[in-house]
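S.K.: Got a structure for you, written out below as structure tokens; questions coming shortly.
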Amino acid sequence: MTDLTQNSLTPSEAGDPERSDFVRELVSEDLDNGRFSRGIQTRFPPEPNGYLHIGHAKAIVLNFSIARENGGVCVLRFDDTNPATEDQRYVDAIVEDIEWLGYTPNSINYSSDYFPQLYEWAEMLISKGLAYVDDQSAEEIAEQRGGFGRPGIESPYRDRKPGENLKLFREMKDGVHPEGSCVLRAKIDMQHENMQLRDPVMYRIRDQHHYRTRDTWKIYPSYDWAHGQGDALEGVTHSLCSLEFSDNRALYEWYLRQLPLEGEAPYQTEFARLELTYTVTSKRRLKELVDDGHVAGWDDPRLPTLRALRRRGYPASAIREFCAFVGVSRTNSRHDIELLESFVRTELNRTAQRRMAVLRPLKLVITNWPDDENGKPVVEHRTLANNPENHDDGTRKVPFSRDLWIEQDDFRMEPPPKYFRLSPGTEVRLRGGYLVTCTEAICDEAGNPLEVHCTYDPATAGGSAPDGRKVKSTIHWVDASNAVDGSVALYERLFKEKVPGETTGDPLDDLDPNSLEILQGCKFEQSLSGVAPSEVVQFERLGYFAADSEAHGHFHRTVGLRDEWARLQKQK
RNA sequence: UCGGGGAUGGUGUAAUUGGCAACACAACUGGUUCUGGUCCAGUCAUUGGGGGUUCAAGUCCUCCUCCCCGAACCA
């Protein structure tokens, strides 16, 4: 069973009987027909040769949800049949990411655990005349496989006697044959229209160190010869994989049919993998971005990897809900990244506490602000709600005095049409503070404002005027004498195009060189120095920001708030 | 070229399995608001194309078009 102690279940995740899909329909039919005498079991079978991304999240959510909805279990199995590329560090990272996503596998298994059983079964197939050792090179075998609409031809070694095959196969296992000198092939049908059935390779020789089985094996099973068998051994009922394995299904079934298994065999069903606009989700492409230094690492917040999204502040629950919402189908599709972002905003709007931060500071001086008995400007403490969406989050006191920081964007010497913020002569509200009117601005020679002077209306403490007059805008601020300095990383999409590489064939051509902007000298309200690592808060009027897990005073922009003003400007 | 799969608004997913094309995102109008946020109201598709069956077709039949996957000792 899954354990979601860290992340509570949302209604849509708890299973919406109104909504179904073709996979769930299959499962309930099997349940109705009593197809399996064992309980429903699914599995998530990553190869430990890379990090999990949002596409994997869809598969994880699907597999765990289907198990949970039907009172079954979901296991994690590392498909580690290729010693050349796999590593323990990926295993650890994958386990960690799944846990963060909110799931606990019923068990953690490895295809390599089944190497002995697989070997035994292979000998059995050889004895039955269903597999043979082929001494040809990879090129020759590929050549003989034929092509689309072109039948293959049989290997000259195809009719070797079982006894000879057995001897050779044992020699392969014992390391007497060098890498590449021969393989074990299933004897199926070289004329079959499905290329997967043209005597597929079951074992190849690899004189390599395997991260788990060490040096005990010289031969390694291929994906097809390991996958369905692992499913069967574990008791999986529904083996869900992505569309490109459709043709492998026949082979999956062929292998299972040859083995002495008890009970109904698992069966494979394919679904479309998740794609998102403005990003890439292929292992090769992601690896390229990291290895070539286009991003800082596998957890660079611009990447769609789970560790990157986590670092960026995406709540696991938002990812789960997104995955559940997009559903499963067999149609190749690409979802708007905006949909994911909207799930993130919805969740964060509910849960993130509000704080004030000025990213590009401009000094604002209240010229009629009173001094105290020592001749220093009075410091008041204004009370602000931590989250207007959730009153249980309470309030906090924020210092307010004569000298403040406001956002450069919130002041214009000459306001364009529909600009509601501060400019000479206009009155705005300082959120939770007072109404202020701009009297003048001091500018440099180029005309850039250096300091804005305002007067405040003492009768508007808290932000509302007793005479009922309205202001067009409320802006945020940070008291200058109490401000905490910090930095912020602003992320844009990594790629400029919806489908990276669509026109040139290479996603790298569509990389946006300005996808990361780091701002130093940001001014944070005091309480922000107490934010826990990785916690996400809303900087009012700006967006959601996640505190870095290590660097104190550094925030990552998770996602901006929807911005009507930016939209208006873009329309022009 | 052969085999497998797919096609419903700008995007994605639905449609009681032959009965008023729904939901979300995006976009656009307007309203509310001490966040140009949130929230609320409204607008936005006759289902890839042709033919057929039927009182009735997104759903069934038929022809066509387009797209994706498959010829690793990768998974």
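So you can find residues: chains in the structure tokens are A, B, ... in the order shown, residues in each start at 1, and ligands are numbered from 1 in order.
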Set the cut-off to 10 Å and count only C-alpha atoms (C1' of nucleotides): what are the residues of chain B that reach chain A? Output as an mmCIF file with C-alpha atoms (C1' of nucleotides), in the first residue's frame.
M.R.:
```cif
data_model
loop_
_atom_site.group_PDB
_atom_site.id
_atom_site.type_symbol
_atom_site.label_atom_id
_atom_site.label_comp_id
_atom_site.auth_asym_id
_atom_site.auth_seq_id
_atom_site.Cartn_x
_atom_site.Cartn_y
_atom_site.Cartn_z
ATOM 1 C "C1'" U B 1 7.741 -0.316 -48.331
ATOM 2 C "C1'" C B 2 5.508 -4.004 -44.087
ATOM 3 C "C1'" G B 3 3.508 -4.325 -39.095
ATOM 4 C "C1'" G B 4 1.472 -1.856 -34.822
ATOM 5 C "C1'" G B 5 -1.054 2.489 -32.844
ATOM 6 C "C1'" G B 6 -3.581 7.234 -33.174
ATOM 7 C "C1'" A B 7 -6.854 11.607 -34.898
ATOM 8 C "C1'" U B 11 -4.004 22.780 -25.530
ATOM 9 C "C1'" G B 12 -5.141 18.285 -23.072
ATOM 10 C "C1'" U B 13 -8.872 14.950 -21.393
ATOM 11 C "C1'" A B 14 -14.305 13.363 -21.347
ATOM 12 C "C1'" A B 24 -9.672 21.968 -16.946
ATOM 13 C "C1'" C B 25 -5.853 25.150 -18.849
ATOM 14 C "C1'" A B 26 -5.109 29.235 -22.245
ATOM 15 C "C1'" C B 34 -5.763 46.539 0.695
ATOM 16 C "C1'" U B 35 -1.796 41.440 -3.952
ATOM 17 C "C1'" G B 36 -3.101 44.149 -11.695
ATOM 18 C "C1'" G B 37 -3.140 37.681 -7.048
ATOM 19 C "C1'" U B 38 -7.518 35.012 -5.341
ATOM 20 C "C1'" C B 67 0.562 11.831 -37.544
ATOM 21 C "C1'" C B 68 3.441 8.529 -34.104
ATOM 22 C "C1'" C B 69 6.242 3.893 -33.047
ATOM 23 C "C1'" G B 70 9.132 -0.432 -34.811
ATOM 24 C "C1'" A B 71 14.718 -3.094 -38.756
ATOM 25 C "C1'" A B 72 20.284 -1.930 -30.809
ATOM 26 C "C1'" C B 73 24.254 -7.631 -28.531
ATOM 27 C "C1'" C B 74 19.552 -0.096 -25.413
ATOM 28 C "C1'" A B 75 15.358 0.089 -22.276
#
```
S.K.: Write out as a PyMOL selection string the set of residues from stretch 174-400 of chain A that DSSP, computed on the backbone, places in helix (DSSP H, G or I).
M.R.: chain A and resi 174+195-197+223-234+243-258+283-291+306-312+316-326+337-351+391-393
S.K.: So that I can see what lies close to stretch 490-499 of chain A, please list as a ChimeraX atom specification the residues with an atom at most 10 Å from it, counting only C-alpha atoms (C1' of nucleotides) and leaving out residues fewer than 4 positions away in the same chain.
M.R.: /A:275-280,294-295,301-304,312,334,336-337,503,507-519,545,555-560
S.K.: To one decimal place in Å, what is the distance between atom CA of A:Ser28 and atom CA of A:Glu234?
M.R.: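 Calculated distance between atom CA of A:Ser28 and atom CA of A:Glu234 is 20.8 Å.
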S.K.: With only C-alpha atoms (C1' of nucleotides) as the counted atoms, please give the residues lying no more than 10 Å from stretch 480-486 of chain A, apart from itself and same-chain residues fewer than 2 positions off, as a ChimeraX atom specification.
M.R.: /A:357-359,361,363-365,379,398-406,477-478,488,519-529,552-555
S.K.: To one decimal place in Å, what is the distance between atom CA of A:Ser423 and atom CA of A:Asp371?
M.R.: 25.7 Å
S.K.: Smallest atom-to-atom distance to A:Val91: which of A:Leu52, A:Ile366, A:Ile60, A:Met413, using only C-alpha atoms?
M.R.: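 Result for the nearest residue to A:Val91: A:Leu52.
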S.K.: How many Å lie between atom CA of A:Val428 and atom C1' of B:U29, rounded to one decimal?
M.R.: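 Those two atoms sit 26.9 Å apart.
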S.K.: Give me the residues within 10 Å of A:Asn165 as a list of chain:residue names, counting only C-alpha atoms (C1' of nucleotides) and dropping any in the same chain fewer than 3 places off.
M.R.: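 The residues satisfying every condition are A:Glu123, A:Ile126, A:Ser127, A:Gly129, A:Ala131, A:Tyr132, A:Val133, A:Asp134, A:Tyr157, A:Arg158, A:Asp159, A:Arg160, A:Lys161, A:Pro162, A:Leu168, A:Phe169, A:Arg170, A:Glu171, A:Leu184.
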S.K.: Could you write out the selected residues, including N, CA, C and O atoms, as a short mmCIF file (atom, residue, chain, number, x, y, z; two decimals), in the first residue's frame?
M.R.:
```
data_model
loop_
_atom_site.label_atom_id
_atom_site.label_comp_id
_atom_site.auth_asym_id
_atom_site.auth_seq_id
_atom_site.Cartn_x
_atom_site.Cartn_y
_atom_site.Cartn_z
N GLU A 123 18.28 -22.12 -20.13
CA GLU A 123 18.73 -23.48 -20.42
C GLU A 123 17.56 -24.37 -20.79
O GLU A 123 17.65 -25.22 -21.67
N ILE A 126 16.60 -23.68 -24.31
CA ILE A 126 17.57 -24.30 -25.21
C ILE A 126 17.27 -25.79 -25.35
O ILE A 126 17.21 -26.34 -26.46
N SER A 127 17.02 -26.44 -24.22
CA SER A 127 16.74 -27.87 -24.25
C SER A 127 15.50 -28.18 -25.07
O SER A 127 15.42 -29.23 -25.72
N GLY A 129 14.69 -26.68 -27.63
CA GLY A 129 14.92 -26.28 -29.01
C GLY A 129 14.35 -24.92 -29.35
O GLY A 129 14.10 -24.61 -30.51
N ALA A 131 15.81 -21.98 -28.31
CA ALA A 131 16.82 -20.93 -28.27
C ALA A 131 18.14 -21.53 -28.76
O ALA A 131 18.37 -22.73 -28.63
N TYR A 132 18.95 -20.67 -29.36
CA TYR A 132 20.21 -21.16 -29.90
C TYR A 132 21.30 -20.11 -29.80
O TYR A 132 21.03 -18.91 -29.71
N VAL A 133 22.53 -20.57 -29.79
CA VAL A 133 23.67 -19.67 -29.74
C VAL A 133 24.06 -19.30 -31.17
O VAL A 133 24.20 -20.17 -32.03
N ASP A 134 24.17 -18.02 -31.41
CA ASP A 134 24.52 -17.52 -32.73
C ASP A 134 25.91 -16.91 -32.68
O ASP A 134 26.18 -16.01 -31.87
N TYR A 157 23.47 -20.68 -37.89
CA TYR A 157 23.61 -21.41 -36.61
C TYR A 157 22.27 -21.79 -36.00
O TYR A 157 22.20 -22.30 -34.90
N ARG A 158 21.21 -21.47 -36.74
CA ARG A 158 19.87 -21.62 -36.18
C ARG A 158 19.51 -23.06 -35.83
O ARG A 158 18.71 -23.31 -34.93
N ASP A 159 20.09 -24.00 -36.56
CA ASP A 159 19.70 -25.39 -36.32
C ASP A 159 20.70 -26.19 -35.50
O ASP A 159 20.72 -27.41 -35.56
N ARG A 160 21.52 -25.48 -34.76
CA ARG A 160 22.41 -26.18 -33.86
C ARG A 160 21.59 -27.05 -32.90
O ARG A 160 20.49 -26.68 -32.51
N LYS A 161 22.17 -28.19 -32.53
CA LYS A 161 21.46 -29.12 -31.65
C LYS A 161 21.46 -28.56 -30.22
O LYS A 161 22.42 -27.89 -29.81
N PRO A 162 20.40 -28.87 -29.48
CA PRO A 162 20.31 -28.39 -28.10
C PRO A 162 21.56 -28.69 -27.29
O PRO A 162 22.02 -27.84 -26.52
N LEU A 168 27.71 -24.43 -25.49
CA LEU A 168 28.16 -23.09 -25.85
C LEU A 168 27.65 -22.03 -24.86
O LEU A 168 28.38 -21.11 -24.45
N PHE A 169 26.38 -22.17 -24.50
CA PHE A 169 25.77 -21.18 -23.60
C PHE A 169 26.47 -21.19 -22.24
O PHE A 169 26.73 -20.16 -21.64
N ARG A 170 26.80 -22.41 -21.77
CA ARG A 170 27.52 -22.50 -20.49
C ARG A 170 28.90 -21.88 -20.60
O ARG A 170 29.39 -21.23 -19.68
N GLU A 171 29.51 -22.06 -21.75
CA GLU A 171 30.81 -21.43 -21.97
C GLU A 171 30.69 -19.91 -21.98
O GLU A 171 31.55 -19.20 -21.46
N LEU A 184 22.84 -15.49 -27.29
CA LEU A 184 21.78 -16.49 -27.28
C LEU A 184 20.54 -15.85 -27.88
O LEU A 184 20.18 -14.73 -27.51
#
```
S.K.: Skipping near chain neighbours, those fewer than 5 positions away, what residues fall within 9 Å of stretch 48-51 of chain B using only C-alpha atoms (C1' of nucleotides), listed as a VMD selection string?
M.R.: chain B and resid 7 62 to 66
S.K.: I'd like the neighbourhood of A:Thr426 as a VMD selection string, where a residue qualifies if any of its atoms comes within 7 Å (using only C-alpha atoms (C1' of nucleotides)), though same-chain residues fewer than 3 positions away should be ignored.
M.R.: chain A and resid 422 to 423 437 to 438
S.K.: Rank nothing, just name the residue among A:Leu31, A:Ala352, A:Ala265, A:Leu26 nearest to A:Gly235, using only C-alpha atoms.
M.R.: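 Checking each candidate against A:Gly235, we get A:Ala265 as the closest.
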